[in-house]
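Structure file final_7.tsv (TSV, C-alpha atoms and all ligand atoms) follows.
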chain	number	residue	atom	x	y	z
V	20	MET	CA	0.22	1.04	-16.91
V	21	ARG	CA	-3.41	1.51	-17.84
V	22	GLU	CA	-5.89	2.83	-15.28
V	23	ARG	CA	-7.48	-0.01	-13.37
V	24	ILE	CA	-10.28	0.74	-10.98
V	25	VAL	CA	-9.06	-2.09	-8.72
V	26	THR	CA	-5.39	-1.14	-8.70
V	27	PRO	CA	-4.14	-0.56	-5.15
V	28	ASP	CA	-1.80	2.28	-6.17
V	29	LYS	CA	-2.80	5.87	-6.86
V	30	TYR	CA	-3.44	6.21	-10.54
V	31	SER	CA	-3.78	9.94	-10.97
V	32	GLU	CA	-3.54	13.21	-9.10
V	33	GLU	CA	-7.30	13.42	-8.92
V	34	ASP	CA	-7.47	9.88	-7.54
V	35	GLU	CA	-4.92	10.90	-4.91
V	36	ARG	CA	-6.95	14.00	-4.01
V	37	GLN	CA	-10.04	11.84	-3.53
V	38	ILE	CA	-8.07	9.36	-1.41
V	39	VAL	CA	-6.80	12.15	0.83
V	40	SER	CA	-10.31	13.56	1.33
V	41	LEU	CA	-11.48	10.24	2.79
V	42	ARG	CA	-8.40	9.60	4.88
V	43	PRO	CA	-8.89	9.39	8.67
V	44	GLU	CA	-6.87	12.07	10.45
V	45	LYS	CA	-6.99	10.92	14.06
V	46	ILE	CA	-6.11	7.52	15.42
V	47	ASP	CA	-9.60	6.97	16.83
V	48	GLU	CA	-11.11	7.44	13.36
V	49	TYR	CA	-8.92	4.70	11.92
V	50	ILE	CA	-10.76	1.46	11.18
V	51	GLY	CA	-8.92	-1.89	11.20
V	52	GLN	CA	-5.27	-2.90	11.74
V	53	GLY	CA	-6.24	-3.32	15.40
V	54	LYS	CA	-2.89	-4.66	16.55
V	55	ILE	CA	-0.93	-1.81	14.96
V	56	VAL	CA	-3.31	0.86	16.27
V	57	LYS	CA	-3.09	-0.52	19.81
V	58	LYS	CA	0.71	-0.55	19.79
V	59	LEU	CA	0.87	2.84	18.09
V	60	LYS	CA	-1.29	4.41	20.78
V	61	VAL	CA	1.15	3.14	23.41
V	62	SER	CA	4.27	4.36	21.60
V	63	ILE	CA	2.69	7.75	20.88
V	64	ASN	CA	1.57	8.28	24.47
V	65	ALA	CA	4.90	7.10	25.85
V	66	SER	CA	6.80	9.53	23.59
V	67	LEU	CA	4.47	12.40	24.48
V	68	GLN	CA	4.90	11.71	28.21
V	69	ARG	CA	8.66	11.68	27.87
V	70	LYS	CA	8.52	14.73	25.61
V	71	GLU	CA	10.67	12.89	23.11
V	72	PRO	CA	10.27	12.34	19.41
V	73	HIS	CA	8.65	9.05	18.41
V	74	GLU	CA	11.05	6.24	17.49
V	75	HIS	CA	11.81	5.61	13.84
V	76	MET	CA	9.11	3.37	12.43
V	77	LEU	CA	8.96	1.05	9.45
V	78	LEU	CA	5.60	0.19	7.88
V	79	TYR	CA	5.55	-2.58	5.34
V	80	GLY	CA	2.86	-4.39	3.40
V	81	PRO	CA	0.91	-4.24	0.14
V	82	PRO	CA	-0.11	-0.86	-1.33
V	83	GLY	CA	-3.39	0.86	-0.47
V	84	LEU	CA	-3.65	-0.44	3.10
V	85	GLY	CA	-2.95	2.78	4.98
V	86	LYS	CA	0.81	3.10	5.49
V	87	THR	CA	0.84	6.77	4.46
V	88	THR	CA	-2.34	7.39	6.43
V	89	LEU	CA	-0.73	5.96	9.57
V	90	ALA	CA	2.29	8.25	9.11
V	91	HIS	CA	-0.01	11.28	8.84
V	92	ILE	CA	-1.93	10.14	11.91
V	93	LEU	CA	1.34	9.78	13.81
V	94	ALA	CA	2.22	13.40	12.98
V	95	ARG	CA	-1.23	14.61	13.94
V	96	GLU	CA	-1.23	12.76	17.27
V	97	MET	CA	2.33	13.85	18.08
V	98	GLY	CA	1.44	17.44	17.13
V	99	THR	CA	4.27	17.68	14.63
V	100	ARG	CA	4.79	18.44	10.97
V	101	ILE	CA	5.16	15.72	8.36
V	102	ILE	CA	7.48	16.01	5.40
V	103	VAL	CA	6.85	13.50	2.64
V	104	SER	CA	9.45	12.15	0.26
V	105	SER	CA	10.16	8.89	-1.51
V	106	GLY	CA	13.03	6.52	-2.25
V	107	PRO	CA	13.04	7.09	-6.02
V	108	SER	CA	13.16	10.88	-5.61
V	109	LEU	CA	16.16	10.74	-3.26
V	110	GLN	CA	18.89	9.59	-5.59
V	111	ARG	CA	21.71	11.93	-4.50
V	112	THR	CA	22.90	12.66	-0.98
V	113	GLY	CA	22.38	16.36	-1.65
V	114	ASP	CA	18.62	15.73	-2.14
V	115	LEU	CA	18.36	14.24	1.32
V	116	MET	CA	20.77	16.73	2.93
V	117	GLY	CA	18.43	19.58	2.02
V	118	ILE	CA	15.47	17.86	3.65
V	119	LEU	CA	17.29	16.69	6.79
V	120	THR	CA	18.86	20.03	7.65
V	121	ASN	CA	15.47	21.74	7.45
V	122	LEU	CA	13.77	19.40	9.91
V	123	GLU	CA	12.64	20.64	13.34
V	124	ASP	CA	12.64	18.64	16.57
V	125	GLY	CA	9.94	15.97	16.42
V	126	ASP	CA	9.19	16.38	12.71
V	127	ILE	CA	8.11	13.22	10.90
V	128	LEU	CA	9.97	12.46	7.70
V	129	LEU	CA	8.01	9.94	5.65
V	130	ILE	CA	10.02	8.16	2.99
V	131	ASP	CA	7.72	6.13	0.81
V	132	GLU	CA	9.18	3.23	-1.18
V	133	VAL	CA	12.14	3.35	1.17
V	134	HIS	CA	13.54	0.17	-0.42
V	135	ARG	CA	14.34	2.24	-3.51
V	136	LEU	CA	16.84	4.63	-1.92
V	137	ALA	CA	20.13	4.81	-3.77
V	138	PRO	CA	22.87	2.94	-1.81
V	139	SER	CA	24.87	6.15	-1.26
V	140	VAL	CA	21.78	7.91	0.14
V	141	GLU	CA	21.03	4.95	2.35
V	142	GLU	CA	24.47	5.07	3.92
V	143	PHE	CA	24.09	8.78	4.41
V	144	ILE	CA	20.90	8.23	6.35
V	145	TYR	CA	22.37	5.78	8.92
V	146	PRO	CA	24.12	8.37	11.15
V	147	ALA	CA	21.11	10.66	10.69
V	148	MET	CA	18.86	7.98	12.17
V	149	GLU	CA	21.25	6.83	14.87
V	150	ASP	CA	22.96	9.97	16.10
V	151	PHE	CA	21.02	12.79	14.41
V	152	LYS	CA	24.00	13.95	12.42
V	153	VAL	CA	25.23	13.68	8.87
V	154	ASP	CA	28.74	13.42	7.55
V	155	PHE	CA	29.04	15.63	4.51
V	156	VAL	CA	32.08	15.51	2.25
V	157	VAL	CA	33.14	18.87	0.81
V	158	ASP	CA	35.81	19.51	-1.79
V	159	LYS	CA	37.62	16.86	-3.75
V	160	GLY	CA	40.94	15.04	-3.82
V	161	ALA	CA	43.58	16.38	-1.42
V	162	PHE	CA	41.18	19.09	-0.16
V	163	ALA	CA	38.35	16.72	0.67
V	164	ARG	CA	37.07	17.16	4.23
V	165	VAL	CA	34.23	15.59	6.16
V	166	ILE	CA	31.95	18.09	7.80
V	167	ASN	CA	29.83	16.83	10.65
V	168	VAL	CA	26.40	18.47	10.57
V	169	PRO	CA	24.15	18.06	13.61
V	170	LEU	CA	20.44	17.56	12.96
V	171	LYS	CA	17.28	18.09	14.99
V	172	LYS	CA	15.73	15.01	16.58
V	173	PHE	CA	13.30	13.87	13.90
V	174	THR	CA	11.34	10.66	13.35
V	175	LEU	CA	11.87	8.70	10.17
V	176	VAL	CA	8.89	6.73	8.97
V	177	GLY	CA	9.82	4.33	6.19
V	178	ALA	CA	7.08	2.75	4.11
V	179	THR	CA	7.60	-0.11	1.72
V	180	THR	CA	5.68	-2.69	-0.26
V	181	ARG	CA	8.82	-4.81	-0.55
V	182	ALA	CA	10.28	-5.44	2.89
V	183	GLY	CA	12.37	-8.25	1.41
V	184	LEU	CA	14.31	-5.71	-0.65
V	185	LEU	CA	15.37	-3.65	2.37
V	186	THR	CA	18.98	-4.04	3.40
V	187	ALA	CA	19.55	-5.43	6.89
V	188	PRO	CA	21.43	-2.31	8.16
V	189	LEU	CA	18.53	-0.04	7.19
V	190	ARG	CA	15.87	-2.38	8.60
V	191	ASP	CA	17.80	-2.66	11.87
V	192	ARG	CA	17.74	1.09	12.41
V	193	PHE	CA	13.96	1.22	12.79
V	194	GLY	CA	13.02	0.84	16.46
V	195	ILE	CA	9.44	-0.07	15.59
V	196	VAL	CA	8.29	-2.25	12.70
V	197	HIS	CA	4.64	-2.80	11.78
V	198	HIS	CA	3.24	-5.08	9.10
V	199	VAL	CA	0.00	-3.85	7.53
V	200	ASP	CA	-2.14	-6.65	6.17
V	201	PHE	CA	-5.26	-6.94	4.01
V	202	TYR	CA	-8.49	-5.95	5.78
V	203	PRO	CA	-11.30	-8.41	6.52
V	204	PHE	CA	-14.68	-7.74	4.82
V	205	GLU	CA	-16.37	-6.46	7.98
V	206	GLU	CA	-13.78	-3.73	8.47
V	207	LEU	CA	-13.92	-2.76	4.79
V	208	ALA	CA	-17.72	-2.51	5.06
V	209	ASP	CA	-17.23	-0.18	8.06
V	210	ILE	CA	-14.81	1.92	5.99
V	211	VAL	CA	-17.31	2.06	3.10
V	212	ARG	CA	-20.05	3.24	5.46
V	213	ARG	CA	-17.76	5.86	7.00
V	214	SER	CA	-16.73	7.13	3.56
V	215	ALA	CA	-20.36	7.21	2.38
V	216	GLY	CA	-21.08	9.45	5.36
V	217	ILE	CA	-18.28	11.82	4.39
V	218	LEU	CA	-19.49	11.82	0.76
V	219	ASP	CA	-23.01	12.44	2.06
V	220	VAL	CA	-24.62	9.44	0.33
V	221	LYS	CA	-26.94	6.89	1.88
V	222	ILE	CA	-26.05	3.21	1.57
V	223	ASP	CA	-27.73	-0.09	2.56
V	224	GLU	CA	-25.91	-2.58	4.79
V	225	GLU	CA	-25.96	-5.19	2.04
V	226	ALA	CA	-24.63	-2.75	-0.53
V	227	ALA	CA	-21.70	-1.85	1.73
V	228	SER	CA	-20.98	-5.57	2.17
V	229	VAL	CA	-20.94	-6.25	-1.57
V	230	ILE	CA	-18.52	-3.36	-2.16
V	231	ALA	CA	-16.36	-4.70	0.70
V	232	GLN	CA	-16.29	-8.19	-0.82
V	233	ARG	CA	-15.05	-6.81	-4.11
V	234	SER	CA	-12.40	-4.50	-2.69
V	235	ARG	CA	-9.50	-6.94	-2.53
V	236	GLY	CA	-8.97	-6.35	1.17
V	237	THR	CA	-7.88	-2.81	0.31
V	238	PRO	CA	-9.51	0.40	1.66
V	239	ARG	CA	-8.21	2.44	-1.27
V	240	VAL	CA	-10.04	0.12	-3.68
V	241	ALA	CA	-13.17	0.11	-1.48
V	242	ASN	CA	-13.32	3.90	-1.54
V	243	ARG	CA	-12.75	4.01	-5.29
V	244	LEU	CA	-15.52	1.48	-5.95
V	245	LEU	CA	-17.80	3.48	-3.67
V	246	ARG	CA	-17.16	6.60	-5.77
V	247	ARG	CA	-18.03	4.76	-8.97
V	248	VAL	CA	-21.20	3.28	-7.45
V	249	ARG	CA	-22.18	6.71	-6.13
V	250	ASP	CA	-21.87	8.20	-9.63
V	251	TYR	CA	-23.97	5.39	-11.07
V	252	CYS	CA	-26.71	5.91	-8.51
V	253	GLN	CA	-26.66	9.67	-8.94
V	254	VAL	CA	-27.15	9.61	-12.72
V	255	ASN	CA	-29.80	6.92	-12.43
V	256	GLY	CA	-31.75	8.89	-9.83
V	257	ILE	CA	-31.20	6.25	-7.12
V	258	GLU	CA	-31.19	8.07	-3.77
V	259	ARG	CA	-29.93	5.29	-1.56
V	260	ILE	CA	-27.18	2.94	-2.75
V	261	ASP	CA	-28.66	-0.57	-2.69
V	262	LYS	CA	-27.26	-4.00	-3.47
V	263	GLN	CA	-28.65	-4.12	-7.02
V	264	SER	CA	-27.04	-0.80	-7.94
V	265	VAL	CA	-23.69	-2.07	-6.67
V	266	LEU	CA	-24.04	-5.27	-8.70
V	267	ASP	CA	-25.10	-3.38	-11.83
V	268	SER	CA	-22.46	-0.67	-11.65
V	269	LEU	CA	-19.59	-3.03	-10.83
V	270	LYS	CA	-20.67	-5.33	-13.64
V	271	MET	CA	-20.39	-2.33	-15.92
V	272	GLU	CA	-16.86	-1.77	-14.58
V	273	GLY	CA	-15.96	-5.41	-15.28
V	274	ILE	CA	-15.39	-6.29	-11.64
V	275	ASP	CA	-16.50	-9.75	-10.60
V	276	SER	CA	-17.66	-11.22	-7.28
V	277	ALA	CA	-14.08	-11.71	-6.03
V	278	GLY	CA	-13.02	-8.19	-7.04
V	279	LEU	CA	-11.08	-9.34	-10.09
V	280	ASP	CA	-10.95	-7.26	-13.24
V	281	ASP	CA	-10.14	-8.15	-16.80
V	282	LEU	CA	-6.37	-8.04	-16.26
V	283	ASP	CA	-6.54	-10.42	-13.27
V	284	ARG	CA	-8.65	-12.83	-15.27
V	285	ARG	CA	-6.26	-12.60	-18.21
V	286	LEU	CA	-3.35	-13.30	-15.90
V	287	LEU	CA	-5.02	-16.43	-14.58
V	288	THR	CA	-6.25	-17.68	-17.96
V	289	THR	CA	-2.82	-17.00	-19.46
V	290	MET	CA	-1.27	-19.23	-16.80
V	291	VAL	CA	-3.83	-21.93	-17.60
V	292	ASP	CA	-3.85	-21.65	-21.40
V	293	TYR	CA	-0.18	-20.99	-22.10
V	294	TYR	CA	1.54	-22.67	-19.16
V	295	LYS	CA	-0.78	-25.53	-18.12
V	296	GLY	CA	-1.42	-23.75	-14.83
V	297	GLY	CA	2.30	-23.43	-14.05
V	298	PRO	CA	4.81	-23.47	-12.59
V	299	VAL	CA	5.76	-20.45	-14.62
V	300	GLY	CA	8.20	-17.61	-13.96
V	301	ILE	CA	6.76	-14.17	-13.29
V	302	GLU	CA	8.86	-12.76	-16.15
V	303	SER	CA	7.14	-15.08	-18.63
V	304	ILE	CA	3.70	-14.10	-17.38
V	305	ALA	CA	4.61	-10.41	-17.57
V	306	ALA	CA	5.91	-10.78	-21.12
V	307	THR	CA	2.80	-12.63	-22.27
V	308	LEU	CA	0.52	-9.99	-20.70
V	309	ASN	CA	2.73	-7.14	-21.89
V	310	GLU	CA	2.95	-5.79	-18.33
V	311	GLU	CA	5.90	-4.89	-16.16
V	312	VAL	CA	7.16	-7.47	-13.68
V	313	ASP	CA	7.10	-4.92	-10.84
V	314	THR	CA	3.44	-4.11	-11.54
V	315	LEU	CA	2.52	-7.77	-11.30
V	316	VAL	CA	4.62	-8.39	-8.19
V	317	GLU	CA	3.66	-5.25	-6.29
V	318	MET	CA	0.14	-4.44	-7.48
V	319	MET	CA	-1.54	-7.67	-8.56
V	320	GLU	CA	0.08	-10.70	-6.99
V	321	PRO	CA	-0.20	-9.93	-3.25
V	322	PHE	CA	-3.98	-10.12	-3.26
V	323	LEU	CA	-4.14	-13.12	-5.62
V	324	LEU	CA	-1.67	-14.94	-3.36
V	325	LYS	CA	-3.64	-13.96	-0.27
V	326	ILE	CA	-6.87	-15.52	-1.58
V	327	GLY	CA	-5.06	-18.60	-2.93
V	328	PHE	CA	-5.74	-17.84	-6.61
V	329	ILE	CA	-2.04	-18.20	-7.28
V	330	LYS	CA	0.63	-19.94	-5.29
V	331	ARG	CA	4.34	-19.38	-5.23
V	332	THR	CA	6.60	-22.42	-5.53
V	333	ARG	CA	10.35	-22.69	-5.89
V	334	ARG	CA	9.90	-23.38	-9.59
V	335	GLY	CA	7.53	-20.48	-10.27
V	336	ARG	CA	3.88	-19.49	-9.87
V	337	ILE	CA	1.01	-21.96	-10.17
V	338	VAL	CA	-2.71	-21.36	-10.45
V	339	GLY	CA	-4.61	-22.27	-7.28
V	340	ASP	CA	-7.67	-24.50	-7.24
V	341	ALA	CA	-9.74	-21.62	-5.90
V	342	ALA	CA	-9.03	-19.65	-9.09
V	343	LEU	CA	-10.07	-22.53	-11.33
V	344	LYS	CA	-13.32	-22.85	-9.40
V	345	HIS	CA	-13.90	-19.10	-9.58
V	346	LEU	CA	-13.33	-19.04	-13.34
V	347	ASN	CA	-15.30	-22.24	-13.89
V	348	LEU	CA	-12.31	-24.01	-15.35
V	349	PRO	CA	-11.58	-27.74	-14.98
V	350	ARG	CA	-8.50	-28.96	-13.09
V	351	ILE	CA	-5.60	-29.29	-15.45
V	352	LYS	CA	-4.48	-32.81	-16.46
V	353	GLY	CA	-0.84	-33.56	-15.70
V	354	SER	CA	-0.38	-30.17	-14.06
V	355	GLN	CA	1.19	-29.23	-10.75
V	356	GLN	CA	-2.32	-28.98	-9.21
V	357	GLU	CA	-2.95	-32.65	-9.90
V	358	LEU	CA	0.03	-33.44	-7.72
V	359	LEU	CA	-1.01	-31.22	-4.80
L	401	LIG	N1	-10.19	5.27	4.69
L	401	LIG	C1	-9.17	4.61	4.14
L	401	LIG	N2	-8.63	3.77	5.03
L	401	LIG	C2	-9.32	3.90	6.18
L	401	LIG	C3	-9.24	3.29	7.45
L	401	LIG	N3	-8.32	2.36	7.72
L	401	LIG	N4	-10.10	3.67	8.38
L	401	LIG	C4	-11.02	4.60	8.09
L	401	LIG	N5	-11.15	5.19	6.92
L	401	LIG	C5	-10.32	4.85	5.96
Could you take the file, read its structure, and then write that structure out as structure tokens?
Amino acid sequence: MRERIVTPDKYSEEDERQIVSLRPEKIDEYIGQGKIVKKLKVSINASLQRKEPHEHMLLYGPPGLGKTTLAHILAREMGTRIIVSSGPSLQRTGDLMGILTNLEDGDILLIDEVHRLAPSVEEFIYPAMEDFKVDFVVDKGAFARVINVPLKKFTLVGATTRAGLLTAPLRDRFGIVHHVDFYPFEELADIVRRSAGILDVKIDEEAASVIAQRSRGTPRVANRLLRRVRDYCQVNGIERIDKQSVLDSLKMEGIDSAGLDDLDRRLLTTMVDYYKGGPVGIESIAATLNEEVDTLVEMMEPFLLKIGFIKRTRRGRIVGDAALKHLNLPRIKGSQQELL
């Protein structure tokens, strides 16, 4: 995967460090996701009043929208530690055993990409979530015994971009489930202004709006674009980020008015040029673009679907009218769009 400035995932350690430095730490600093924040405040306060750990919580939705941030905020507000792990790194029960037995009462265990836990690890986690114990098998064959290990009362926070890939038994063990969705422009503009304050740069209202409009509904992208615009203004001796600087610097980065980059545009034109606008299977698109299917499905498609640039049908993906308009392309004769 090449580095894309508009990718919603973290593309390097430095990128991650920058993301963390702009992350809100307290719930009152968090902008957007109003419904989640409201419900989270209630569940946090209720748990604190009862002096109990918070219920297990599942956060699902596209990458870059604040799932990890919300888990950190939960820990901060509950006054507990947070231990971070991920589905792909927990492939053997022993990996998880080590983490679980070291947890203290109330600790938050965040498992990112929780849909990627190995099946054996997933089964191991059920009694941990339900009864705060694990059943550990020692020895083999005739000597095999199950040892019951009690655990401290922890809170599991599962985060996933692919809720559809979670098994029903795992999903059912989360007492609280929140769906994080793309942010509206106004909230992204607020985030851009907040981040500019932290970075100690001045920014016009209009400039913040243009960055917001090109951020694909994603705070992580908004903050990354802001960093690039800030650099551009700094080297050009522009003291206050204005609209023109945003337009000039993002043009240089190849990001258009809808926040699409070269790869997005290639995806859409490939669908038009090679597949008459679809329907086409995601595997075919991935092969033509020389990209991985998972990258397209997890990192690119959610936003393009959200803005109607592509549509999912039973027979495959089709290009939406909005995309043709955006790219200045005519409607395709004899295509699926003609029939819609
Ligand atoms: N930075 C990244 N996401 C944010 C959010 N939701 N609120 C405030 N600042 C952020």
### Message
Distance limit 12 Å, reference ligand LIG 401 (chain L), atoms considered: only C-alpha atoms and all ligand atoms. Which residues make the cut? Give them as number ranges by chain.
### Response
V: 27, 35, 37-53, 55-56, 82-89, 92, 199-203, 205-217, 234, 236-243, 245
Requested write-out: C-alpha atoms of the selected residues, as a PDB file, keeping the file's coordinate frame:
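Full text of part01.pdb as output:
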ATOM      1  CA  PRO V  27      -4.140  -0.560  -5.150  1.00  0.00           C
ATOM      2  CA  GLU V  35      -4.920  10.900  -4.910  1.00  0.00           C
ATOM      3  CA  GLN V  37     -10.040  11.840  -3.530  1.00  0.00           C
ATOM      4  CA  ILE V  38      -8.070   9.360  -1.410  1.00  0.00           C
ATOM      5  CA  VAL V  39      -6.800  12.150   0.830  1.00  0.00           C
ATOM      6  CA  SER V  40     -10.310  13.560   1.330  1.00  0.00           C
ATOM      7  CA  LEU V  41     -11.480  10.240   2.790  1.00  0.00           C
ATOM      8  CA  ARG V  42      -8.400   9.600   4.880  1.00  0.00           C
ATOM      9  CA  PRO V  43      -8.890   9.390   8.670  1.00  0.00           C
ATOM     10  CA  GLU V  44      -6.870  12.070  10.450  1.00  0.00           C
ATOM     11  CA  LYS V  45      -6.990  10.920  14.060  1.00  0.00           C
ATOM     12  CA  ILE V  46      -6.110   7.520  15.420  1.00  0.00           C
ATOM     13  CA  ASP V  47      -9.600   6.970  16.830  1.00  0.00           C
ATOM     14  CA  GLU V  48     -11.110   7.440  13.360  1.00  0.00           C
ATOM     15  CA  TYR V  49      -8.920   4.700  11.920  1.00  0.00           C
ATOM     16  CA  ILE V  50     -10.760   1.460  11.180  1.00  0.00           C
ATOM     17  CA  GLY V  51      -8.920  -1.890  11.200  1.00  0.00           C
ATOM     18  CA  GLN V  52      -5.270  -2.900  11.740  1.00  0.00           C
ATOM     19  CA  GLY V  53      -6.240  -3.320  15.400  1.00  0.00           C
ATOM     20  CA  ILE V  55      -0.930  -1.810  14.960  1.00  0.00           C
ATOM     21  CA  VAL V  56      -3.310   0.860  16.270  1.00  0.00           C
ATOM     22  CA  PRO V  82      -0.110  -0.860  -1.330  1.00  0.00           C
ATOM     23  CA  GLY V  83      -3.390   0.860  -0.470  1.00  0.00           C
ATOM     24  CA  LEU V  84      -3.650  -0.440   3.100  1.00  0.00           C
ATOM     25  CA  GLY V  85      -2.950   2.780   4.980  1.00  0.00           C
ATOM     26  CA  LYS V  86       0.810   3.100   5.490  1.00  0.00           C
ATOM     27  CA  THR V  87       0.840   6.770   4.460  1.00  0.00           C
ATOM     28  CA  THR V  88      -2.340   7.390   6.430  1.00  0.00           C
ATOM     29  CA  LEU V  89      -0.730   5.960   9.570  1.00  0.00           C
ATOM     30  CA  ILE V  92      -1.930  10.140  11.910  1.00  0.00           C
ATOM     31  CA  VAL V 199       0.000  -3.850   7.530  1.00  0.00           C
ATOM     32  CA  ASP V 200      -2.140  -6.650   6.170  1.00  0.00           C
ATOM     33  CA  PHE V 201      -5.260  -6.940   4.010  1.00  0.00           C
ATOM     34  CA  TYR V 202      -8.490  -5.950   5.780  1.00  0.00           C
ATOM     35  CA  PRO V 203     -11.300  -8.410   6.520  1.00  0.00           C
ATOM     36  CA  GLU V 205     -16.370  -6.460   7.980  1.00  0.00           C
ATOM     37  CA  GLU V 206     -13.780  -3.730   8.470  1.00  0.00           C
ATOM     38  CA  LEU V 207     -13.920  -2.760   4.790  1.00  0.00           C
ATOM     39  CA  ALA V 208     -17.720  -2.510   5.060  1.00  0.00           C
ATOM     40  CA  ASP V 209     -17.230  -0.180   8.060  1.00  0.00           C
ATOM     41  CA  ILE V 210     -14.810   1.920   5.990  1.00  0.00           C
ATOM     42  CA  VAL V 211     -17.310   2.060   3.100  1.00  0.00           C
ATOM     43  CA  ARG V 212     -20.050   3.240   5.460  1.00  0.00           C
ATOM     44  CA  ARG V 213     -17.760   5.860   7.000  1.00  0.00           C
ATOM     45  CA  SER V 214     -16.730   7.130   3.560  1.00  0.00           C
ATOM     46  CA  ALA V 215     -20.360   7.210   2.380  1.00  0.00           C
ATOM     47  CA  GLY V 216     -21.080   9.450   5.360  1.00  0.00           C
ATOM     48  CA  ILE V 217     -18.280  11.820   4.390  1.00  0.00           C
ATOM     49  CA  SER V 234     -12.400  -4.500  -2.690  1.00  0.00           C
ATOM     50  CA  GLY V 236      -8.970  -6.350   1.170  1.00  0.00           C
ATOM     51  CA  THR V 237      -7.880  -2.810   0.310  1.00  0.00           C
ATOM     52  CA  PRO V 238      -9.510   0.400   1.660  1.00  0.00           C
ATOM     53  CA  ARG V 239      -8.210   2.440  -1.270  1.00  0.00           C
ATOM     54  CA  VAL V 240     -10.040   0.120  -3.680  1.00  0.00           C
ATOM     55  CA  ALA V 241     -13.170   0.110  -1.480  1.00  0.00           C
ATOM     56  CA  ASN V 242     -13.320   3.900  -1.540  1.00  0.00           C
ATOM     57  CA  ARG V 243     -12.750   4.010  -5.290  1.00  0.00           C
ATOM     58  CA  LEU V 245     -17.800   3.480  -3.670  1.00  0.00           C
TER      59      LEU V 245
END
## Note on the structure
Shortest contact to Gly194 (chain V), candidates V:Met76, V:Ala178, V:Leu218, V:Ile166, atoms counted all atoms listed in the file, goes to V:Met76
### Å distance separating CA of Ala147 (chain V) from CA of Ser108 (chain V), one decimal place
18.1 Å
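Selection around (-18.8, -4.0, -8.9) with radius 10 Å, counting all atoms listed in the file, yields the residues Ile24, Val25, Val229, Ile230, Ala231, Gln232, Arg233, Ser234, Leu244, Leu245, Arg247, Val248, Ser264, Val265, Leu266, Asp267, Ser268, Leu269, Lys270, Met271, Glu272, Gly273, Ile274, Asp275, Ser276, Ala277, Gly278, Leu279 and Asp280 of chain V.
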Only C-alpha atoms, please: the residues just picked out, written as a tab-separated table (two decimals), in the coordinates of the input.
chain	number	residue	atom	x	y	z
V	24	ILE	CA	-10.28	0.74	-10.98
V	25	VAL	CA	-9.06	-2.09	-8.72
V	229	VAL	CA	-20.94	-6.25	-1.57
V	230	ILE	CA	-18.52	-3.36	-2.16
V	231	ALA	CA	-16.36	-4.70	0.70
V	232	GLN	CA	-16.29	-8.19	-0.82
V	233	ARG	CA	-15.05	-6.81	-4.11
V	234	SER	CA	-12.40	-4.50	-2.69
V	244	LEU	CA	-15.52	1.48	-5.95
V	245	LEU	CA	-17.80	3.48	-3.67
V	247	ARG	CA	-18.03	4.76	-8.97
V	248	VAL	CA	-21.20	3.28	-7.45
V	264	SER	CA	-27.04	-0.80	-7.94
V	265	VAL	CA	-23.69	-2.07	-6.67
V	266	LEU	CA	-24.04	-5.27	-8.70
V	267	ASP	CA	-25.10	-3.38	-11.83
V	268	SER	CA	-22.46	-0.67	-11.65
V	269	LEU	CA	-19.59	-3.03	-10.83
V	270	LYS	CA	-20.67	-5.33	-13.64
V	271	MET	CA	-20.39	-2.33	-15.92
V	272	GLU	CA	-16.86	-1.77	-14.58
V	273	GLY	CA	-15.96	-5.41	-15.28
V	274	ILE	CA	-15.39	-6.29	-11.64
V	275	ASP	CA	-16.50	-9.75	-10.60
V	276	SER	CA	-17.66	-11.22	-7.28
V	277	ALA	CA	-14.08	-11.71	-6.03
V	278	GLY	CA	-13.02	-8.19	-7.04
V	279	LEU	CA	-11.08	-9.34	-10.09
V	280	ASP	CA	-10.95	-7.26	-13.24
### Task
Excluding Ser62 (chain V) and residues on its chain fewer than 4 positions from it, collect all residues at most 8 Å away from it, counting only C-alpha atoms, and give them as a ChimeraX atom specification.
/V:58,66,73
Enumerate, as a PDB file with C-alpha atoms, keeping the file's coordinate frame, the protein, DNA and RNA residues whose atoms approach (-28.4, -3.0, -2.8) to within 9 Å, taking into account only C-alpha atoms and the coordinate frame of the file.
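Output (selection.pdb):
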ATOM      1  CA  ILE V 222     -26.050   3.210   1.570  1.00  0.00           C
ATOM      2  CA  ASP V 223     -27.730  -0.090   2.560  1.00  0.00           C
ATOM      3  CA  GLU V 224     -25.910  -2.580   4.790  1.00  0.00           C
ATOM      4  CA  GLU V 225     -25.960  -5.190   2.040  1.00  0.00           C
ATOM      5  CA  ALA V 226     -24.630  -2.750  -0.530  1.00  0.00           C
ATOM      6  CA  ALA V 227     -21.700  -1.850   1.730  1.00  0.00           C
ATOM      7  CA  VAL V 229     -20.940  -6.250  -1.570  1.00  0.00           C
ATOM      8  CA  ARG V 259     -29.930   5.290  -1.560  1.00  0.00           C
ATOM      9  CA  ILE V 260     -27.180   2.940  -2.750  1.00  0.00           C
ATOM     10  CA  ASP V 261     -28.660  -0.570  -2.690  1.00  0.00           C
ATOM     11  CA  LYS V 262     -27.260  -4.000  -3.470  1.00  0.00           C
ATOM     12  CA  GLN V 263     -28.650  -4.120  -7.020  1.00  0.00           C
ATOM     13  CA  SER V 264     -27.040  -0.800  -7.940  1.00  0.00           C
ATOM     14  CA  VAL V 265     -23.690  -2.070  -6.670  1.00  0.00           C
ATOM     15  CA  LEU V 266     -24.040  -5.270  -8.700  1.00  0.00           C
TER      16      LEU V 266
END
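Of the residues under consideration (V:Arg246, V:Lys221, V:Asn167, V:Thr112), V:Lys221 shows the shortest atom-to-atom contact distance to Glu258 (chain V) when counting all atoms listed in the file.
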#### Entry: Separation of CA of Thr288 (chain V) from CA of Ala342 (chain V), in Å and rounded to one decimal
9.5 Å
